[in-house]
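Heads up, the thing below is written out as structure tokens.
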Amino acid sequence: MTTVLLVGAGATGARAARQLADTSGLTSLLVADREPSRASALAGAVGPIATTVAIDRPFPGGVDAVAVAVPARAGALIARRAIDAGVPTAAIADDRDGIAALLGLDADARAKGVLVAVGCGLVPGLGDVLARHAADSLDRVDEAHVARVGAGGSACVAALRRARREPPLEWLDDAWHTPHRRGHELVWFPDPVGARECESVAPGVELLRDSVPGLRTATIRVGDAPPRNAAMALLRRRSVDNGWGGAHVEVWGWRGRVRDTVVYGVIERPAVAAGTVLAVIAARLGGLLPTVELRDPTPGSRALGAIVEPARFLGELARRGVKAAAFEGVAVA
């Protein structure tokens, strides 16, 4: 019997709930939200397997894993309670302070023998796993660049707005740098999104660096910047207003003496992608989905990309409809 506690009944939490409910072996899904009516509505939509609990009461007993689908700073408080209860946790992480708070739980998690997966969404999250998958195909790597477009709900929109206001951050030549804003860079995503102007931000860079050993350079960029001309405005209306988002992952390294690059792309509605990623890792931490291997299951609070074995994880996501493809159009899972 396996019980998962899902905290957060917003856009991403709703998708995670449905994915968890469809996971073989799950016997109980507990749903909590700061708005009890929203938790009740989600539990009712999911079915008899789901019941509601209050997050301001003692941590519920009998929980095998926790899935946190609330902003990362609030999520860190939930993760700390889960650690104290000895329960492994998967958490969405969408802003710099929140990511730092979750990673700051590492010592406590190790002391309690608990694993906390940080950044279990689209980016950070799936982008980090794809970067690790790309790195595994090269002899050695030194650069990884991840870009994203789209948002998975109002909280995600707010986090992206904060990220654009804050100073950017890059891991460059084995050191942290705060570069001057260099303007937008055109990044190509698979159709129907296409070319989008993206700018460098800070949230998620540390998780990307930690996901791929040996990186000398790591950057995160986000799109949805104001279009510069009429053509870009038309592209924006066609690709963003219909709910599509995506990730572009570019990893540089070496095959023998030859410099090479691997590029992956994902197109999906952001809340769907993030909810599926969160559900799969939460289910795995709860003892389900044994085919999804954990590359590093040792206790601690770490980036998702450093924890899972990429190929099996991507295979499970593909089975659930969230698929990544290589730049050439060849599926990677």
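Identifiers in this document derive from the order of the structure tokens: chains are assigned A, B, ..., residues are numbered from 1 separately in each chain, and ligands are numbered from 1 in order of occurrence.
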Using the chain letters and numbers from this document, which residues of range 167-228 of chain A does DSSP assign to alpha helix (DSSP H), as an mmCIF file with N, CA and C atoms, in the first residue's frame?
```cif
data_model
loop_
_atom_site.group_PDB
_atom_site.id
_atom_site.type_symbol
_atom_site.label_atom_id
_atom_site.label_comp_id
_atom_site.auth_asym_id
_atom_site.auth_seq_id
_atom_site.Cartn_x
_atom_site.Cartn_y
_atom_site.Cartn_z
ATOM 1 N N VAL A 205 20.099 27.789 -12.560
ATOM 2 C CA VAL A 205 21.457 27.580 -13.060
ATOM 3 C C VAL A 205 22.233 26.641 -12.142
ATOM 4 N N GLU A 206 22.082 26.805 -10.834
ATOM 5 C CA GLU A 206 22.798 25.936 -9.894
ATOM 6 C C GLU A 206 22.358 24.486 -10.040
ATOM 7 N N LEU A 207 21.067 24.255 -10.255
ATOM 8 C CA LEU A 207 20.572 22.888 -10.421
ATOM 9 C C LEU A 207 21.106 22.271 -11.708
ATOM 10 N N LEU A 208 21.184 23.068 -12.782
ATOM 11 C CA LEU A 208 21.735 22.569 -14.039
ATOM 12 C C LEU A 208 23.199 22.199 -13.863
ATOM 13 N N ARG A 209 23.968 23.069 -13.208
ATOM 14 C CA ARG A 209 25.391 22.782 -12.986
ATOM 15 C C ARG A 209 25.566 21.493 -12.176
ATOM 16 N N ASP A 210 24.747 21.323 -11.148
ATOM 17 C CA ASP A 210 24.876 20.145 -10.293
ATOM 18 C C ASP A 210 24.402 18.871 -10.983
ATOM 19 N N SER A 211 23.579 19.012 -12.010
ATOM 20 C CA SER A 211 23.049 17.832 -12.702
ATOM 21 C C SER A 211 24.058 17.205 -13.654
#
```
Skip range 23-29 of chain A itself and residues of its chain fewer than 4 positions away, then list as a list in words all residues within 8 Å of it, counting only C-alpha atoms.
->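 What passes the distance filter is Met1, Thr2, Thr3, Val4, Leu5, Leu6, Ala17, Gln19, Ile49, Ala50, Thr51, Ala283 and Leu288 of chain A.
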Strand (DSSP E) per DSSP on the backbone: members of range 38-190 of chain A, as a compact mmCIF listing (two decimals) with C-alpha atoms, in the first residue's frame:
```txt
# COMPACT_ATOMS: atom_id res chain seq x y z
CA ALA A 50 -8.04 10.96 -3.27
CA THR A 51 -8.92 12.62 0.05
CA THR A 52 -8.10 16.04 1.47
CA ALA A 65 6.30 10.30 -0.42
CA VAL A 66 5.43 13.98 -0.75
CA ALA A 67 4.90 15.90 -3.99
CA VAL A 68 5.19 19.68 -3.52
CA THR A 89 10.01 14.58 -1.15
CA ALA A 90 9.83 15.87 -4.72
CA ALA A 91 9.44 19.64 -5.07
CA LEU A 115 16.04 12.10 -0.25
CA VAL A 116 14.66 15.43 -1.51
CA ALA A 117 14.46 15.98 -5.28
CA VAL A 118 14.67 19.70 -6.09
CA ARG A 140 33.18 14.71 -21.74
CA VAL A 141 31.18 17.91 -21.53
CA ASP A 142 31.90 21.52 -20.66
CA GLU A 143 28.81 23.58 -21.61
CA ALA A 144 25.06 23.28 -21.07
CA HIS A 145 22.47 25.86 -22.06
CA VAL A 146 18.76 25.45 -21.32
CA ALA A 147 15.96 27.73 -22.50
CA ARG A 148 12.24 27.61 -21.80
CA VAL A 149 9.01 29.27 -22.85
CA GLU A 170 25.83 32.24 -15.15
CA TRP A 171 28.30 29.49 -14.29
CA LEU A 172 31.28 30.46 -16.44
CA ALA A 175 32.90 30.36 -11.23
CA TRP A 176 29.70 32.33 -10.72
CA HIS A 177 29.21 35.50 -12.75
CA GLU A 185 18.95 35.68 -27.91
CA LEU A 186 16.90 33.93 -30.57
CA VAL A 187 16.32 30.29 -29.58
CA TRP A 188 14.62 27.76 -31.82
```
Go ahead and compute the interatomic distance for CA of Ala311 in chain A and CA of Ala325 in chain A, in Å to one decimal.
->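 Value for the CA of Ala311 in chain A-CA of Ala325 in chain A distance: 12.4 Å.
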Could you tell me how far CA of Glu197 in chain A lies from CA of Leu317 in chain A, in Å and to one decimal?
-> 27.4 Å
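Distance annotation: of A:Leu294, A:Cys120, A:Ile83, A:Leu138, the residue with the minimal separation from Trp252 in chain A is A:Leu138; atom set is only C-alpha atoms.
Using only C-alpha atoms, the shortest contact distance between Leu126 in chain A and any of A:Ala45, A:Pro71, A:Ala93, A:Ser200 is found at A:Ala93.
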Cys198 in chain A: which residues within 6 Å, counting only C-alpha atoms, same-chain residues fewer than 4 positions away excluded, as a VMD selection string?
-> chain A and resid 184 to 185 221 to 223
Please save N, CA and C atoms of the selected residues as a PDB file, in the first residue's frame.
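Result file follows (out-v4.pdb):
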```
ATOM      1  N   HIS A 184      18.286  40.021 -25.843  1.00  0.00           N
ATOM      2  CA  HIS A 184      17.662  38.739 -26.102  1.00  0.00           C
ATOM      3  C   HIS A 184      18.440  37.920 -27.126  1.00  0.00           C
ATOM      4  N   GLU A 185      18.323  36.619 -26.972  1.00  0.00           N
ATOM      5  CA  GLU A 185      18.945  35.685 -27.908  1.00  0.00           C
ATOM      6  C   GLU A 185      17.844  34.858 -28.555  1.00  0.00           C
ATOM      7  N   ARG A 221      17.863  30.369 -19.844  1.00  0.00           N
ATOM      8  CA  ARG A 221      17.192  31.496 -20.482  1.00  0.00           C
ATOM      9  C   ARG A 221      15.691  31.254 -20.516  1.00  0.00           C
ATOM     10  N   VAL A 222      14.933  32.330 -20.455  1.00  0.00           N
ATOM     11  CA  VAL A 222      13.484  32.221 -20.534  1.00  0.00           C
ATOM     12  C   VAL A 222      12.974  33.122 -21.649  1.00  0.00           C
ATOM     13  N   GLY A 223      11.885  32.698 -22.259  1.00  0.00           N
ATOM     14  CA  GLY A 223      11.289  33.445 -23.345  1.00  0.00           C
ATOM     15  C   GLY A 223      10.108  34.278 -22.894  1.00  0.00           C
TER      16      GLY A 223
END
```
What is the distance between CA of Gly153 in chain A and CA of Gly321 in chain A, in Å to one decimal?
->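 About the pair CA of Gly153 in chain A and CA of Gly321 in chain A: they are 19.8 Å apart.
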Could you give me, as JSON lines, a per-residue list for range 84-153 of chain A showing, wherever an atom lies at most 12 Å from an atom of range 158-167 of chain A, the closest pair of atoms and their distance in Å to one decimal, using only C-alpha atoms and sorting by chain then residue number from low to high?
```
{"residue": "A:Ile92", "atom": "CA", "partner": "A:Ala159", "partner_atom": "CA", "distance": 11.8}
{"residue": "A:Ala93", "atom": "CA", "partner": "A:Ala159", "partner_atom": "CA", "distance": 9.7}
{"residue": "A:Asp94", "atom": "CA", "partner": "A:Ala159", "partner_atom": "CA", "distance": 6.1}
{"residue": "A:Asp95", "atom": "CA", "partner": "A:Ala159", "partner_atom": "CA", "distance": 5.9}
{"residue": "A:Arg96", "atom": "CA", "partner": "A:Ala163", "partner_atom": "CA", "distance": 7.9}
{"residue": "A:Asp97", "atom": "CA", "partner": "A:Ala163", "partner_atom": "CA", "distance": 10.6}
{"residue": "A:Gly98", "atom": "CA", "partner": "A:Ala159", "partner_atom": "CA", "distance": 10.2}
{"residue": "A:Ile99", "atom": "CA", "partner": "A:Ala159", "partner_atom": "CA", "distance": 11.8}
{"residue": "A:Val123", "atom": "CA", "partner": "A:Leu160", "partner_atom": "CA", "distance": 11.0}
{"residue": "A:Pro124", "atom": "CA", "partner": "A:Leu160", "partner_atom": "CA", "distance": 11.9}
{"residue": "A:Arg148", "atom": "CA", "partner": "A:Leu160", "partner_atom": "CA", "distance": 10.4}
{"residue": "A:Val149", "atom": "CA", "partner": "A:Leu160", "partner_atom": "CA", "distance": 9.8}
{"residue": "A:Gly150", "atom": "CA", "partner": "A:Leu160", "partner_atom": "CA", "distance": 9.3}
{"residue": "A:Ala151", "atom": "CA", "partner": "A:Leu160", "partner_atom": "CA", "distance": 7.9}
{"residue": "A:Gly152", "atom": "CA", "partner": "A:Ala158", "partner_atom": "CA", "distance": 10.4}
{"residue": "A:Gly153", "atom": "CA", "partner": "A:Ala158", "partner_atom": "CA", "distance": 8.8}
```
Please produce a file of those selected residues containing N, CA and C atoms, as a JSON list (two decimals), in the first residue's frame.
```json
[["chain", "number", "residue", "atom", "x", "y", "z"],
["A", 92, "ILE", "N", 8.63, 21.12, -6.79],
["A", 92, "ILE", "CA", 8.78, 22.12, -7.82],
["A", 92, "ILE", "C", 9.68, 23.24, -7.27],
["A", 93, "ALA", "N", 10.52, 23.83, -8.10],
["A", 93, "ALA", "CA", 11.36, 24.95, -7.67],
["A", 93, "ALA", "C", 11.41, 25.97, -8.78],
["A", 94, "ASP", "N", 10.93, 27.20, -8.50],
["A", 94, "ASP", "CA", 10.76, 28.15, -9.59],
["A", 94, "ASP", "C", 11.36, 29.52, -9.35],
["A", 95, "ASP", "N", 12.04, 29.73, -8.24],
["A", 95, "ASP", "CA", 12.71, 31.02, -8.02],
["A", 95, "ASP", "C", 13.99, 30.79, -7.25],
["A", 96, "ARG", "N", 14.89, 31.78, -7.34],
["A", 96, "ARG", "CA", 16.24, 31.60, -6.81],
["A", 96, "ARG", "C", 16.25, 31.39, -5.30],
["A", 97, "ASP", "N", 15.48, 32.21, -4.56],
["A", 97, "ASP", "CA", 15.46, 32.07, -3.11],
["A", 97, "ASP", "C", 14.86, 30.75, -2.69],
["A", 98, "GLY", "N", 13.80, 30.33, -3.39],
["A", 98, "GLY", "CA", 13.17, 29.07, -3.05],
["A", 98, "GLY", "C", 14.07, 27.88, -3.32],
["A", 99, "ILE", "N", 14.78, 27.92, -4.44],
["A", 99, "ILE", "CA", 15.72, 26.83, -4.74],
["A", 99, "ILE", "C", 16.80, 26.77, -3.67],
["A", 123, "VAL", "N", 11.42, 23.38, -16.44],
["A", 123, "VAL", "CA", 12.76, 23.95, -16.23],
["A", 123, "VAL", "C", 12.66, 24.87, -15.03],
["A", 124, "PRO", "N", 13.34, 24.55, -13.93],
["A", 124, "PRO", "CA", 14.21, 23.40, -13.70],
["A", 124, "PRO", "C", 13.42, 22.08, -13.63],
["A", 148, "ARG", "N", 13.63, 28.03, -21.93],
["A", 148, "ARG", "CA", 12.24, 27.61, -21.80],
["A", 148, "ARG", "C", 11.31, 28.73, -22.21],
["A", 149, "VAL", "N", 10.10, 28.34, -22.61],
["A", 149, "VAL", "CA", 9.01, 29.27, -22.85],
["A", 149, "VAL", "C", 7.76, 28.70, -22.21],
["A", 150, "GLY", "N", 6.83, 29.59, -21.87],
["A", 150, "GLY", "CA", 5.57, 29.15, -21.32],
["A", 150, "GLY", "C", 5.58, 29.10, -19.81],
["A", 151, "ALA", "N", 4.37, 29.10, -19.23],
["A", 151, "ALA", "CA", 4.21, 29.06, -17.78],
["A", 151, "ALA", "C", 3.08, 28.11, -17.42],
["A", 152, "GLY", "N", 3.21, 27.47, -16.26],
["A", 152, "GLY", "CA", 2.25, 26.45, -15.84],
["A", 152, "GLY", "C", 1.26, 26.92, -14.81],
["A", 153, "GLY", "N", 0.82, 28.16, -14.86],
["A", 153, "GLY", "CA", -0.14, 28.67, -13.89],
["A", 153, "GLY", "C", 0.27, 30.03, -13.38]]
```
Which residue gives the smallest distance to Gly121 in chain A among A:Arg34, A:Arg15, A:Arg255, A:Arg320, with only C-alpha atoms counted?
->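 Residue with the minimum atom-to-atom distance to Gly121 in chain A: A:Arg15.
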Given the choices A:Gly127, A:Pro60, A:Gly86, A:Pro297, which gets closest to Val114 in chain A if the distance is worked out from only C-alpha atoms?
->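 Nearest to Val114 in chain A: A:Gly86.
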One residue among A:Ala21, A:Val87, A:Gly245, A:Glu268 is nearest to Val280 in chain A when using only C-alpha atoms, and that residue is A:Ala21
Among the residues A:Ala202, A:Leu30, A:Asp108, A:Val212, the one that comes closest to Thr178 in chain A [using only C-alpha atoms] | A:Ala202
